[in-house]
Structures are given as C-alpha cells and as structure tokens.
$ cat model.cif   # mmCIF, C-alpha atoms and all ligand atoms
data_entry
#
loop_
_atom_site.label_atom_id
_atom_site.label_comp_id
_atom_site.auth_asym_id
_atom_site.auth_seq_id
_atom_site.Cartn_x
_atom_site.Cartn_y
_atom_site.Cartn_z
CA MET A 1 -21.45 5.58 10.57
CA ILE A 2 -21.68 2.60 8.24
CA VAL A 3 -18.68 0.49 7.21
CA ILE A 4 -18.99 -1.32 3.91
CA PRO A 5 -16.18 -3.76 3.13
CA GLY A 6 -15.83 -4.10 -0.65
CA PRO A 7 -15.17 -7.44 -2.37
CA ALA A 8 -11.41 -6.85 -2.32
CA SER A 9 -11.13 -6.20 1.44
CA LYS A 10 -13.83 -8.19 3.18
CA GLU A 11 -11.66 -9.33 6.08
CA LEU A 12 -9.88 -6.03 6.61
CA GLY A 13 -13.15 -4.08 6.31
CA GLU A 14 -14.74 -6.28 8.95
CA ALA A 15 -11.75 -5.78 11.24
CA VAL A 16 -11.95 -2.00 10.76
CA ALA A 17 -15.68 -2.06 11.60
CA ALA A 18 -15.01 -4.15 14.71
CA LYS A 19 -12.37 -1.66 15.89
CA LEU A 20 -14.85 1.17 15.29
CA GLY A 21 -17.49 -0.72 17.25
CA VAL A 22 -19.97 -0.85 14.35
CA ARG A 23 -21.37 -3.77 12.38
CA ALA A 24 -19.83 -4.29 8.97
CA SER A 25 -22.23 -4.38 6.02
CA PRO A 26 -20.26 -6.09 3.25
CA ALA A 27 -21.20 -5.23 -0.32
CA GLU A 28 -22.90 -8.04 -2.18
CA HIS A 29 -20.82 -8.94 -5.16
CA ARG A 30 -20.76 -11.41 -7.99
CA LEU A 31 -19.26 -11.59 -11.45
CA PHE A 32 -21.34 -11.90 -14.55
CA PRO A 33 -20.09 -14.60 -16.95
CA ASP A 34 -18.49 -11.93 -19.12
CA GLY A 35 -16.47 -10.61 -16.18
CA GLU A 36 -18.54 -7.55 -15.24
CA SER A 37 -18.99 -6.88 -11.52
CA TYR A 38 -22.46 -6.87 -9.99
CA LEU A 39 -22.60 -4.90 -6.74
CA ARG A 40 -25.40 -4.25 -4.28
CA LEU A 41 -25.16 -2.39 -1.00
CA PRO A 42 -27.18 -4.18 1.65
CA VAL A 43 -28.00 -1.27 4.00
CA GLY A 44 -29.77 2.07 3.91
CA VAL A 45 -27.19 4.85 3.80
CA GLU A 46 -29.34 7.97 3.65
CA GLY A 47 -27.94 10.72 5.89
CA GLU A 48 -24.99 8.52 6.94
CA THR A 49 -21.23 8.77 6.78
CA VAL A 50 -20.13 5.70 4.86
CA VAL A 51 -16.67 4.15 5.06
CA LEU A 52 -15.87 1.97 2.05
CA VAL A 53 -12.93 -0.38 2.52
CA GLN A 54 -11.56 -1.67 -0.76
CA THR A 55 -7.96 -2.31 -1.69
CA THR A 56 -6.85 -2.28 -5.33
CA ALA A 57 -4.64 -5.35 -5.78
CA PRO A 58 -4.44 -7.88 -7.23
CA ASP A 59 -6.36 -6.98 -10.39
CA PRO A 60 -6.20 -3.19 -9.90
CA ASP A 61 -8.48 -2.20 -12.79
CA ARG A 62 -11.40 -4.31 -11.64
CA LYS A 63 -11.01 -3.34 -7.99
CA MET A 64 -10.72 0.34 -8.74
CA LEU A 65 -13.88 0.24 -10.84
CA GLN A 66 -15.72 -1.61 -8.07
CA LEU A 67 -14.71 1.17 -5.69
CA PHE A 68 -16.04 3.85 -8.07
CA ILE A 69 -19.32 1.93 -8.46
CA MET A 70 -19.77 1.58 -4.69
CA ALA A 71 -18.93 5.23 -4.00
CA LYS A 72 -21.30 6.57 -6.65
CA THR A 73 -24.06 4.27 -5.41
CA VAL A 74 -23.85 5.30 -1.76
CA LYS A 75 -23.73 8.98 -2.75
CA ASP A 76 -26.77 8.53 -5.05
CA LEU A 77 -28.59 6.80 -2.20
CA GLY A 78 -28.13 9.77 0.11
CA ALA A 79 -24.90 9.22 2.07
CA THR A 80 -23.71 12.59 3.36
CA ARG A 81 -20.01 11.74 3.39
CA VAL A 82 -18.11 9.00 1.60
CA ILE A 83 -14.78 7.98 3.07
CA ALA A 84 -12.96 5.66 0.68
CA CYS A 85 -10.39 3.68 2.55
CA ILE A 86 -8.07 2.19 -0.07
CA PRO A 87 -5.15 0.79 1.90
CA TYR A 88 -3.18 0.01 -1.25
CA LEU A 89 -3.94 2.59 -3.92
CA ALA A 90 -2.87 1.35 -7.34
CA TYR A 91 -1.63 3.70 -10.06
CA MET A 92 0.42 5.79 -7.65
CA ARG A 93 3.72 4.83 -9.26
CA GLN A 94 2.79 6.68 -12.46
CA ASP A 95 2.75 10.11 -10.85
CA LYS A 96 5.05 11.90 -13.31
CA ARG A 97 5.62 11.96 -17.05
CA PHE A 98 8.94 10.14 -16.84
CA LEU A 99 8.82 9.69 -20.64
CA GLU A 100 7.11 12.00 -23.09
CA GLY A 101 3.45 11.10 -23.65
CA GLU A 102 3.04 9.06 -20.49
CA ALA A 103 -0.25 9.19 -18.59
CA LEU A 104 -0.47 10.82 -15.17
CA SER A 105 -2.46 7.87 -13.89
CA LEU A 106 -2.63 9.09 -10.29
CA ASP A 107 -4.23 12.34 -11.44
CA VAL A 108 -6.78 10.42 -13.52
CA VAL A 109 -7.64 8.16 -10.58
CA LEU A 110 -8.22 11.11 -8.24
CA GLY A 111 -10.43 12.77 -10.85
CA LEU A 112 -12.54 9.62 -11.11
CA MET A 113 -12.83 9.44 -7.31
CA GLU A 114 -14.13 12.97 -7.23
CA ALA A 115 -16.64 12.18 -9.99
CA ALA A 116 -17.79 9.13 -8.02
CA GLY A 117 -18.55 11.30 -4.98
CA VAL A 118 -15.64 10.37 -2.72
CA ASP A 119 -15.13 13.07 -0.09
CA ASP A 120 -12.16 11.60 1.79
CA LEU A 121 -9.55 9.13 0.64
CA ILE A 122 -7.51 7.23 3.21
CA VAL A 123 -4.43 5.41 1.91
CA VAL A 124 -1.61 3.63 3.68
CA ASP A 125 1.97 4.48 2.75
CA ALA A 126 1.33 6.26 -0.51
CA HIS A 127 4.14 5.61 -2.94
CA SER A 128 4.76 9.34 -3.16
CA SER A 129 2.99 11.50 -0.62
CA SER A 130 4.21 14.68 -2.32
CA SER A 131 2.60 13.70 -5.65
CA LEU A 132 -0.58 12.81 -3.84
CA ARG A 133 -0.62 16.26 -2.23
CA GLU A 134 0.10 17.91 -5.55
CA PHE A 135 -2.78 16.16 -7.36
CA GLU A 136 -5.10 16.49 -4.36
CA ALA A 137 -5.00 20.25 -4.90
CA GLY A 138 -6.67 19.82 -8.31
CA HIS A 139 -9.56 17.69 -7.08
CA GLY A 140 -12.26 17.88 -4.46
CA VAL A 141 -11.08 14.83 -2.55
CA LYS A 142 -9.33 15.22 0.79
CA VAL A 143 -6.44 12.77 0.98
CA HIS A 144 -5.15 11.21 4.22
CA ASN A 145 -1.91 9.23 4.03
CA LEU A 146 -1.18 6.92 6.99
CA SER A 147 2.00 4.97 7.60
CA ALA A 148 2.25 1.35 8.71
CA ILE A 149 6.05 1.38 8.88
CA PRO A 150 6.15 1.76 12.70
CA LEU A 151 3.84 -1.27 12.98
CA LEU A 152 6.09 -3.33 10.70
CA ALA A 153 9.12 -2.23 12.69
CA GLU A 154 7.42 -3.26 15.95
CA TYR A 155 6.79 -6.68 14.41
CA VAL A 156 10.37 -7.29 13.34
CA LYS A 157 11.60 -5.94 16.68
CA LYS A 158 9.52 -8.60 18.45
CA HIS A 159 11.00 -11.21 16.12
CA GLY A 160 14.63 -10.63 17.01
CA TYR A 161 15.52 -7.46 15.09
CA GLY A 162 15.78 -4.94 17.94
CA GLY A 163 18.72 -2.59 17.20
CA ALA A 164 18.91 -3.74 13.55
CA TYR A 165 20.05 -1.49 10.70
CA SER A 166 16.99 -0.15 8.81
CA LEU A 167 17.42 0.31 5.07
CA SER A 168 15.32 1.64 2.23
CA PRO A 169 15.98 0.59 -1.38
CA ASP A 170 16.57 4.16 -2.55
CA VAL A 171 17.06 7.66 -1.21
CA GLY A 172 13.47 8.62 -2.14
CA ALA A 173 12.22 6.11 0.42
CA ILE A 174 14.66 7.10 3.17
CA HIS A 175 11.71 8.27 5.31
CA LEU A 176 10.71 4.58 5.61
CA ALA A 177 14.11 3.60 7.00
CA GLU A 178 14.12 6.65 9.27
CA ALA A 179 10.70 5.84 10.73
CA ALA A 180 11.65 2.19 11.23
CA GLY A 181 14.98 3.17 12.78
CA ARG A 182 13.14 5.17 15.43
CA VAL A 183 11.39 1.97 16.52
CA LEU A 184 14.30 -0.45 16.10
CA GLY A 185 16.83 1.87 17.68
CA GLY A 186 19.62 1.08 15.18
CA ARG A 187 21.21 2.96 12.29
CA HIS A 188 19.29 3.77 9.14
CA GLY A 189 20.38 4.23 5.53
CA TYR A 190 19.58 3.57 1.90
CA PHE A 191 20.75 1.85 -1.27
CA GLU A 192 21.30 3.60 -4.57
CA LYS A 193 18.73 2.33 -7.01
CA SER A 194 17.92 3.46 -10.53
CA ARG A 195 15.34 2.10 -12.97
CA ASP A 196 15.52 2.07 -16.75
CA ARG A 197 12.26 3.82 -17.64
CA ARG A 198 11.89 1.89 -20.90
CA THR A 199 12.70 -1.66 -19.84
CA GLY A 200 11.80 -1.40 -16.13
CA GLU A 201 15.19 -3.00 -15.30
CA ILE A 202 16.61 -1.86 -11.99
CA GLU A 203 20.19 -1.22 -11.10
CA MET A 204 21.13 -1.26 -7.48
CA LYS A 205 24.44 -0.05 -6.12
CA VAL A 206 25.35 -1.45 -2.77
CA LYS A 207 27.84 0.86 -1.15
CA ASP A 208 29.86 -0.27 1.83
CA LEU A 209 27.36 -0.28 4.66
CA SER A 210 29.62 -1.76 7.37
CA VAL A 211 27.11 -4.41 8.29
CA ASP A 212 29.48 -7.22 9.14
CA GLY A 213 27.79 -9.26 11.87
CA VAL A 214 24.91 -6.78 12.10
CA ASP A 215 21.20 -7.59 11.70
CA ALA A 216 19.42 -5.57 9.02
CA VAL A 217 15.91 -5.00 7.72
CA VAL A 218 14.98 -3.76 4.24
CA PHE A 219 11.80 -1.66 4.33
CA ASP A 220 9.92 -0.90 1.12
CA ASP A 221 6.43 0.34 0.39
CA ILE A 222 5.78 -2.29 -2.29
CA ILE A 223 7.18 -5.70 -3.13
CA SER A 224 6.04 -6.59 -6.63
CA SER A 225 8.48 -8.67 -8.68
CA GLY A 226 10.71 -8.91 -5.61
CA GLY A 227 13.74 -7.74 -7.61
CA THR A 228 14.42 -4.62 -5.56
CA THR A 229 14.22 -6.33 -2.18
CA ALA A 230 16.13 -9.41 -3.36
CA ARG A 231 19.04 -7.27 -4.54
CA ALA A 232 19.11 -5.37 -1.28
CA VAL A 233 19.04 -8.55 0.79
CA GLU A 234 21.73 -10.13 -1.36
CA GLY A 235 23.96 -7.05 -1.02
CA LEU A 236 23.60 -7.05 2.74
CA LYS A 237 24.38 -10.75 3.03
CA ARG A 238 27.41 -10.35 0.74
CA GLN A 239 28.74 -7.67 3.11
CA GLY A 240 28.44 -10.05 6.03
CA ALA A 241 25.14 -9.01 7.63
CA ALA A 242 23.92 -11.54 10.18
CA LYS A 243 20.12 -11.88 9.92
CA VAL A 244 18.32 -9.95 7.17
CA ALA A 245 14.56 -9.37 7.12
CA ALA A 246 12.45 -8.04 4.25
CA ALA A 247 9.47 -5.91 5.26
CA CYS A 248 6.96 -4.20 3.02
CA VAL A 249 3.63 -2.50 3.41
CA HIS A 250 1.96 -3.65 0.19
CA ALA A 251 2.56 -7.30 -0.65
CA LEU A 252 1.85 -7.50 -4.37
CA PHE A 253 4.16 -10.52 -4.68
CA MET A 254 4.03 -11.43 -8.33
CA PRO A 255 4.78 -15.11 -9.08
CA GLY A 256 8.39 -15.88 -8.16
CA ALA A 257 8.87 -12.82 -5.91
CA GLU A 258 9.00 -14.74 -2.67
CA GLU A 259 11.40 -17.35 -4.09
CA LYS A 260 13.70 -14.58 -5.34
CA ILE A 261 13.84 -12.92 -1.91
CA GLU A 262 14.39 -16.22 -0.14
CA ALA A 263 17.11 -17.24 -2.59
CA ALA A 264 18.83 -13.90 -1.85
CA GLY A 265 19.17 -15.07 1.75
CA SER A 266 16.29 -13.39 3.55
CA ASP A 267 15.63 -14.80 7.02
CA LEU A 268 12.17 -13.26 7.43
CA ILE A 269 9.57 -11.79 5.07
CA VAL A 270 6.71 -9.76 6.49
CA SER A 271 4.05 -7.41 5.15
CA THR A 272 0.85 -5.76 6.29
CA ASP A 273 -2.65 -6.82 5.25
CA THR A 274 -3.30 -3.87 2.93
CA VAL A 275 -3.23 -6.57 0.25
CA GLU A 276 -4.10 -10.15 1.19
CA SER A 277 -0.95 -12.25 1.43
CA LYS A 278 0.42 -15.12 3.47
CA HIS A 279 3.08 -12.69 4.68
CA GLY A 280 0.49 -10.21 5.98
CA LYS A 281 1.20 -10.64 9.68
CA VAL A 282 0.71 -6.97 10.56
CA THR A 283 -2.80 -5.59 10.40
CA VAL A 284 -3.58 -2.00 9.52
CA ALA A 285 -7.17 -2.29 10.84
CA GLY A 286 -6.40 -0.41 14.08
CA LEU A 287 -4.39 2.26 12.28
CA ILE A 288 -7.30 2.95 9.91
CA ALA A 289 -10.03 2.76 12.55
CA ASP A 290 -8.19 5.11 14.92
CA TYR A 291 -7.77 7.59 12.11
CA VAL A 292 -11.41 7.35 10.97
CA LYS A 293 -12.44 8.28 14.53
CA THR A 294 -10.65 11.60 14.12
CA LEU A 295 -12.47 12.58 10.90
C1 LIG A 301 9.33 1.57 -6.36
O1 LIG A 301 9.81 2.68 -6.46
C2 LIG A 301 8.78 0.99 -5.11
O2 LIG A 301 9.06 1.74 -3.97
C3 LIG A 301 9.28 -0.42 -4.92
O3 LIG A 301 10.66 -0.40 -4.64
C4 LIG A 301 9.03 -1.24 -6.15
O4 LIG A 301 7.71 -1.11 -6.57
C5 LIG A 301 9.37 -2.68 -5.91
O5 LIG A 301 9.17 -3.36 -7.09
P1 LIG A 301 9.82 -4.77 -7.35
O6 LIG A 301 9.44 -5.66 -6.21
O7 LIG A 301 9.19 -5.20 -8.65
O8 LIG A 301 11.29 -4.58 -7.48
#
$ encode --input "model.cif" --output "structure tokens" --more "lines below"
Ligand code: R5P
Amino acid sequence: MIVIPGPASKELGEAVAAKLGVRASPAEHRLFPDGESYLRLPVGVEGETVVLVQTTAPDPDRKMLQLFIMAKTVKDLGATRVIACIPYLAYMRQDKRFLEGEALSLDVVLGLMEAAGVDDLIVVDAHSSSSLREFEAGHGVKVHNLSAIPLLAEYVKKHGYGGAYSLSPDVGAIHLAEAAGRVLGGRHGYFEKSRDRRTGEIEMKVKDLSVDGVDAVVFDDIISSGGTTARAVEGLKRQGAAKVAAACVHALFMPGAEEKIEAAGSDLIVSTDTVESKHGKVTVAGLIADYVKTL
C-alpha cells in the first residue's frame, strides 16, 4: 500500500501513513504563474493500492481538481485500487435542487471521481450521508462515511464538559448531538434552524432548553461564516448556560467566524484537522488509518 498526501493535506496524510506503518510519498506540487497546478507522483504505483489524502478546503475548486489529477495519474500508471481519502468533501451541501435549476453538485463530483478512476471514497462526517448513499448508487465509487464526533466529544469531555448538554443546530443534525451525548453522558437536543434559500440568511429559534447553570456543547459538521454556531451559543448563554463550547468537524472558518463565536460567549472552540485550522486539536488520522486497514 502506498499513501500519497496531496498538497492540501500533507500533514494529515503523513500522520495517516505513520499510523498505517508505511512511508508517506507526498505528491510534488507547484503552481504555474497563471495558477495551474503542476503535480508529479514521486513513487512507482504499478500493482499497488494507493491511498490519496487530499482535503478540499480552503479553495475547494483547485483542491478538488488536484485530487482528480492525482487519481487519474495513479490509475494510468497501473495502481490496482485508488482510495481517495477526502476528509472534508466540498460540494456536499448542494445535494438537492432546493430551487428550480440548481445544480446537483454532489452528483457531479461523484461522477468526476468515477471518471478519474477512484474506487473508494472515504469522507469524514458527510454533510448528508443519505444523499451520499443516494448518489453513490449512480456511480462506480464505493463511499465510506466516518464520524469524528465521538473524538470531538472525548476532547471536550477532557476539557471540563463531562455531563454537558449536547446540541445540534437543527433537527437534521440531531445524530451529531446524539453521538456526542453518548460520550458526554448528558442530555442531547437541537435548535430549530431555517435558511432562506435565496439570501442564505439563517433564522434560528431557541426554544426553552432548561440550561440554567448547565454546561453545553454545540456540535456541527461545518463552521463556515460562524453564524449558525454563534446564534446557538448566544441562545444558550441567554438562557443561563454555564460554560458553552463550540465543536465542529470541518473548520472552514471564513474571516470573522471565530470573532463572531467568541463574541457570542463561547468558552471553547475546537475542531478536527480535516481542514487545517488553529482550532484543529482533534486529529482524524487514527480514525482514517484504522478504517483503511479494514478495506
Ligand atoms: C449546514 O447545514 C451545516 O450543517 C452548517 O450548520 C453550516 O454549514 C454552518 O454554516 P455557517 O457557519 O456559515 O453558519
């Protein structure tokens, strides 16, 4: 087995290789002056199973294309199986035609993976595992969706949140709060969130959660603008919660996101390293490596 960390996940790819007990062979990469990516794979791959590790944020378009280029190249050069490990898979949020004429971006991405020769796709906390399953059926790529929520919950538990109330920002993500609640040992629940499909504005209803004096943790798959998490944290603090932590798997953190969440009163912000971030205190390297061993 050969592990090739792509330009977007050099550190994580090396950690995955180390956990698998193999040497990492990072892809050589540079940018041409016009912005095109040059990629070269530094090892022979003929007859090998190749694990590509490449996240797709920030700059999802470029990173996705780099992944396609690497996958096609290793397949062309004789790899027998290509396992694309994309811890944060961009384009998953557009998995339905919410408005007439919208693109099914997730479907397009899976089609391109198949064309590039990807046999297996490993993702961490897919935005919608049911959509992933649905589109998987139409393509020749086997999808594996892992969850880092128990690891995040372990982290917050060690940092003073044992027994805390686990919350997800909406009912669709209740499985995140449920999984975290199993680790933290407290109650779990959700907020009522709706998004205006045209403006992207979110509305969050904070029902009475009876959190007076209680510690709470908001678990989300993605923090992007920080608006969703900030509103949840603010609502909890307004209802008298003691400490409130914000935990997410994929730390996209657009400019101002962190400040928004801190201003809302968050006492702790933590994410995994699916996307590089200063909040990425929880690594998914072991989770991925252990799973790869089972394939
Ligand atoms: C959306 O449905 C996701 O689960 C996240 O809640 C969302 O992407 C967070 O976005 P933002 O940080 O911009 O509110």
$ residues_near_ligand --input "model.cif" --ligand "ligand LIG 301 (chain A)" --cutoff "6 Å" --atoms "only C-alpha atoms and all ligand atoms" --output "PyMOL selection string"
chain A and resi 220-228
$ residues_around --input "model.cif" --residues "segment 202-205 of chain A" --least-positions-apart "6" --cutoff "10 Å" --atoms "all atoms listed in the file" --output "MDAnalysis selection string"
chainID A and resid 169:170 191:196 227:228 231:232 235
$ atom_distance --input "model.cif" --atom1 "atom CA of Leu252 of chain A" --atom2 "atom CA of Val22 of chain A"
29.5 Å
$ closest_residue --input "model.cif" --among "A:Lys207, A:Arg198, A:Lys158, A:Lys281" --to "Leu184 of chain A" --atoms "all atoms listed in the file"
A:Lys158
$ atom_distance --input "model.cif" --atom1 "atom CA of Val282 of chain A" --atom2 "atom CA of Leu176 of chain A"
16.1 Å
$ atom_distance --input "model.cif" --atom1 "atom CA of Ser9 of chain A" --atom2 "atom CA of Gln54 of chain A"
5.1 Å
$ axis_aligned_box --input "model.cif" --around "segment 224-232 of chain A" --padding-each-side "6 Å" --output "lines of an AutoDock Vina configuration file"
center_x = 12.6
center_y = -7.0
center_z = -5.0
size_x = 25.1
size_y = 16.8
size_z = 19.4
$ residues_around --input "model.cif" --residues "Ala116 of chain A" --least-positions-apart "4" --cutoff "7 Å" --atoms "only C-alpha atoms" --output "number ranges by chain"
A: 68, 71-72, 112
$ residues_around --input "model.cif" --residues "Ile149 of chain A" --least-positions-apart "3" --cutoff "7 Å" --atoms "all atoms listed in the file" --output "PDB file with C-alpha atoms, in the frame of the given file"
ATOM      1  CA  LEU A 152       6.090  -3.330  10.700  1.00  0.00           C
ATOM      2  CA  ALA A 153       9.120  -2.230  12.690  1.00  0.00           C
ATOM      3  CA  LEU A 176      10.710   4.580   5.610  1.00  0.00           C
ATOM      4  CA  ALA A 179      10.700   5.840  10.730  1.00  0.00           C
ATOM      5  CA  ALA A 180      11.650   2.190  11.230  1.00  0.00           C
TER       6      ALA A 180
END
$ closest_atom_pairs --input "model.cif" --of "segment 142-215 of chain A" --to "segment 74-86 of chain A" --cutoff "12 Å" --atoms "only C-alpha atoms" --output "tab-separated table"
residue	atom	partner	partner_atom	distance
A:Lys142	CA	A:Ile83	CA	9.3
A:Val143	CA	A:Ala84	CA	9.7
A:His144	CA	A:Cys85	CA	9.3
A:Asn145	CA	A:Ile86	CA	10.2
A:Leu146	CA	A:Cys85	CA	10.7
$ closest_residue --input "model.cif" --among "A:Leu65, A:Leu41, A:Val50, A:Leu151" --to "Ala8 of chain A" --atoms "only C-alpha atoms"
A:Leu65
$ residues_around --input "model.cif" --residues "Ser128 of chain A" --least-positions-apart "2" --cutoff "9 Å" --atoms "all atoms listed in the file" --output "NGL selection string"
:A and (92-93 or 95 or 125-126 or 130-133 or 172-173)
$ closest_residue --input "model.cif" --among "A:Gly140, A:Gly44, A:Gly280, A:Gly160" --to "Val244 of chain A" --atoms "all atoms listed in the file"
A:Gly160
$ residues_around --input "model.cif" --residues "Gln66 of chain A" --least-positions-apart "3" --cutoff "12 Å" --atoms "only C-alpha atoms" --output "PyMOL selection string"
chain A and resi 5-9+27-31+36-41+52-57+59-63+69-73+84+86+113+116
$ residues_near_point --input "model.cif" --point "(-15.9, -2.4, 8.4)" --cutoff "6 Å" --atoms "all atoms listed in the file" --output "PDB file with C-alpha atoms, keeping the file's coordinate frame"
ATOM      1  CA  VAL A   3     -18.680   0.490   7.210  1.00  0.00           C
ATOM      2  CA  ILE A   4     -18.990  -1.320   3.910  1.00  0.00           C
ATOM      3  CA  PRO A   5     -16.180  -3.760   3.130  1.00  0.00           C
ATOM      4  CA  GLY A  13     -13.150  -4.080   6.310  1.00  0.00           C
ATOM      5  CA  GLU A  14     -14.740  -6.280   8.950  1.00  0.00           C
ATOM      6  CA  VAL A  16     -11.950  -2.000  10.760  1.00  0.00           C
ATOM      7  CA  ALA A  17     -15.680  -2.060  11.600  1.00  0.00           C
ATOM      8  CA  ALA A  24     -19.830  -4.290   8.970  1.00  0.00           C
TER       9      ALA A  24
END
$ closest_residue --input "model.cif" --among "A:Val108, A:Val206, A:Val275, A:Val218" --to "Lys96 of chain A" --atoms "only C-alpha atoms"
A:Val108
$ closest_residue --input "model.cif" --among "A:Tyr190, A:Tyr161, A:Phe253, A:Tyr291" --to "Leu268 of chain A" --atoms "all atoms listed in the file"
A:Tyr161
$ build_atoms --input "model.cif" --residues "segment 55-64 of chain A" --atoms "all heavy atoms" --output "tab-separated table (two decimals), in the frame of the given file"
chain	number	residue	atom	x	y	z
A	55	THR	N	-9.31	-2.47	-1.18
A	55	THR	CA	-7.96	-2.31	-1.69
A	55	THR	C	-7.96	-2.47	-3.21
A	55	THR	O	-9.01	-2.81	-3.79
A	55	THR	CB	-6.99	-3.30	-1.01
A	55	THR	OG1	-5.66	-2.81	-1.16
A	55	THR	CG2	-7.09	-4.71	-1.58
A	56	THR	N	-6.84	-2.22	-3.86
A	56	THR	CA	-6.85	-2.28	-5.33
A	56	THR	C	-5.72	-3.17	-5.87
A	56	THR	O	-5.04	-2.82	-6.83
A	56	THR	CB	-6.79	-0.87	-5.94
A	56	THR	OG1	-5.69	-0.15	-5.38
A	56	THR	CG2	-8.06	-0.10	-5.68
A	57	ALA	N	-5.55	-4.32	-5.25
A	57	ALA	CA	-4.64	-5.35	-5.78
A	57	ALA	C	-5.05	-6.68	-5.15
A	57	ALA	O	-5.54	-6.69	-4.02
A	57	ALA	CB	-3.19	-5.05	-5.41
A	58	PRO	N	-4.84	-7.80	-5.83
A	58	PRO	CA	-4.44	-7.88	-7.23
A	58	PRO	C	-5.60	-7.45	-8.13
A	58	PRO	O	-6.71	-7.27	-7.64
A	58	PRO	CB	-4.12	-9.37	-7.41
A	58	PRO	CG	-4.89	-10.08	-6.34
A	58	PRO	CD	-5.04	-9.11	-5.20
A	59	ASP	N	-5.34	-7.36	-9.41
A	59	ASP	CA	-6.36	-6.98	-10.39
A	59	ASP	C	-6.83	-5.53	-10.16
A	59	ASP	O	-8.00	-5.26	-9.90
A	59	ASP	CB	-7.54	-7.95	-10.30
A	59	ASP	CG	-8.32	-8.01	-11.60
A	59	ASP	OD1	-8.03	-7.19	-12.50
A	59	ASP	OD2	-9.22	-8.84	-11.71
A	60	PRO	N	-5.89	-4.58	-10.25
A	60	PRO	CA	-6.20	-3.19	-9.90
A	60	PRO	C	-7.35	-2.56	-10.69
A	60	PRO	O	-8.14	-1.83	-10.11
A	60	PRO	CB	-4.89	-2.44	-10.17
A	60	PRO	CG	-4.06	-3.36	-10.99
A	60	PRO	CD	-4.49	-4.75	-10.67
A	61	ASP	N	-7.45	-2.87	-11.99
A	61	ASP	CA	-8.48	-2.20	-12.79
A	61	ASP	C	-9.88	-2.57	-12.29
A	61	ASP	O	-10.73	-1.71	-12.07
A	61	ASP	CB	-8.37	-2.58	-14.28
A	61	ASP	CG	-7.05	-2.13	-14.89
A	61	ASP	OD1	-6.23	-1.57	-14.14
A	61	ASP	OD2	-6.85	-2.34	-16.08
A	62	ARG	N	-10.09	-3.86	-12.11
A	62	ARG	CA	-11.40	-4.31	-11.64
A	62	ARG	C	-11.73	-3.73	-10.26
A	62	ARG	O	-12.81	-3.23	-10.01
A	62	ARG	CB	-11.43	-5.84	-11.56
A	62	ARG	CG	-12.77	-6.37	-11.07
A	62	ARG	CD	-12.68	-7.84	-10.69
A	62	ARG	NE	-12.27	-8.69	-11.80
A	62	ARG	CZ	-13.07	-9.10	-12.77
A	62	ARG	NH1	-14.33	-8.74	-12.78
A	62	ARG	NH2	-12.62	-9.89	-13.73
A	63	LYS	N	-10.74	-3.77	-9.38
A	63	LYS	CA	-11.01	-3.34	-7.99
A	63	LYS	C	-11.23	-1.84	-7.89
A	63	LYS	O	-12.03	-1.36	-7.09
A	63	LYS	CB	-9.91	-3.84	-7.07
A	63	LYS	CG	-10.16	-5.33	-6.90
A	63	LYS	CD	-9.13	-6.12	-6.26
A	63	LYS	CE	-9.59	-7.58	-6.31
A	63	LYS	NZ	-8.53	-8.52	-6.09
A	64	MET	N	-10.54	-1.12	-8.72
A	64	MET	CA	-10.72	0.34	-8.74
A	64	MET	C	-12.13	0.65	-9.23
A	64	MET	O	-12.84	1.48	-8.66
A	64	MET	CB	-9.66	0.94	-9.67
A	64	MET	CG	-9.50	2.41	-9.56
A	64	MET	SD	-8.77	2.93	-8.00
A	64	MET	CE	-7.03	2.83	-8.35
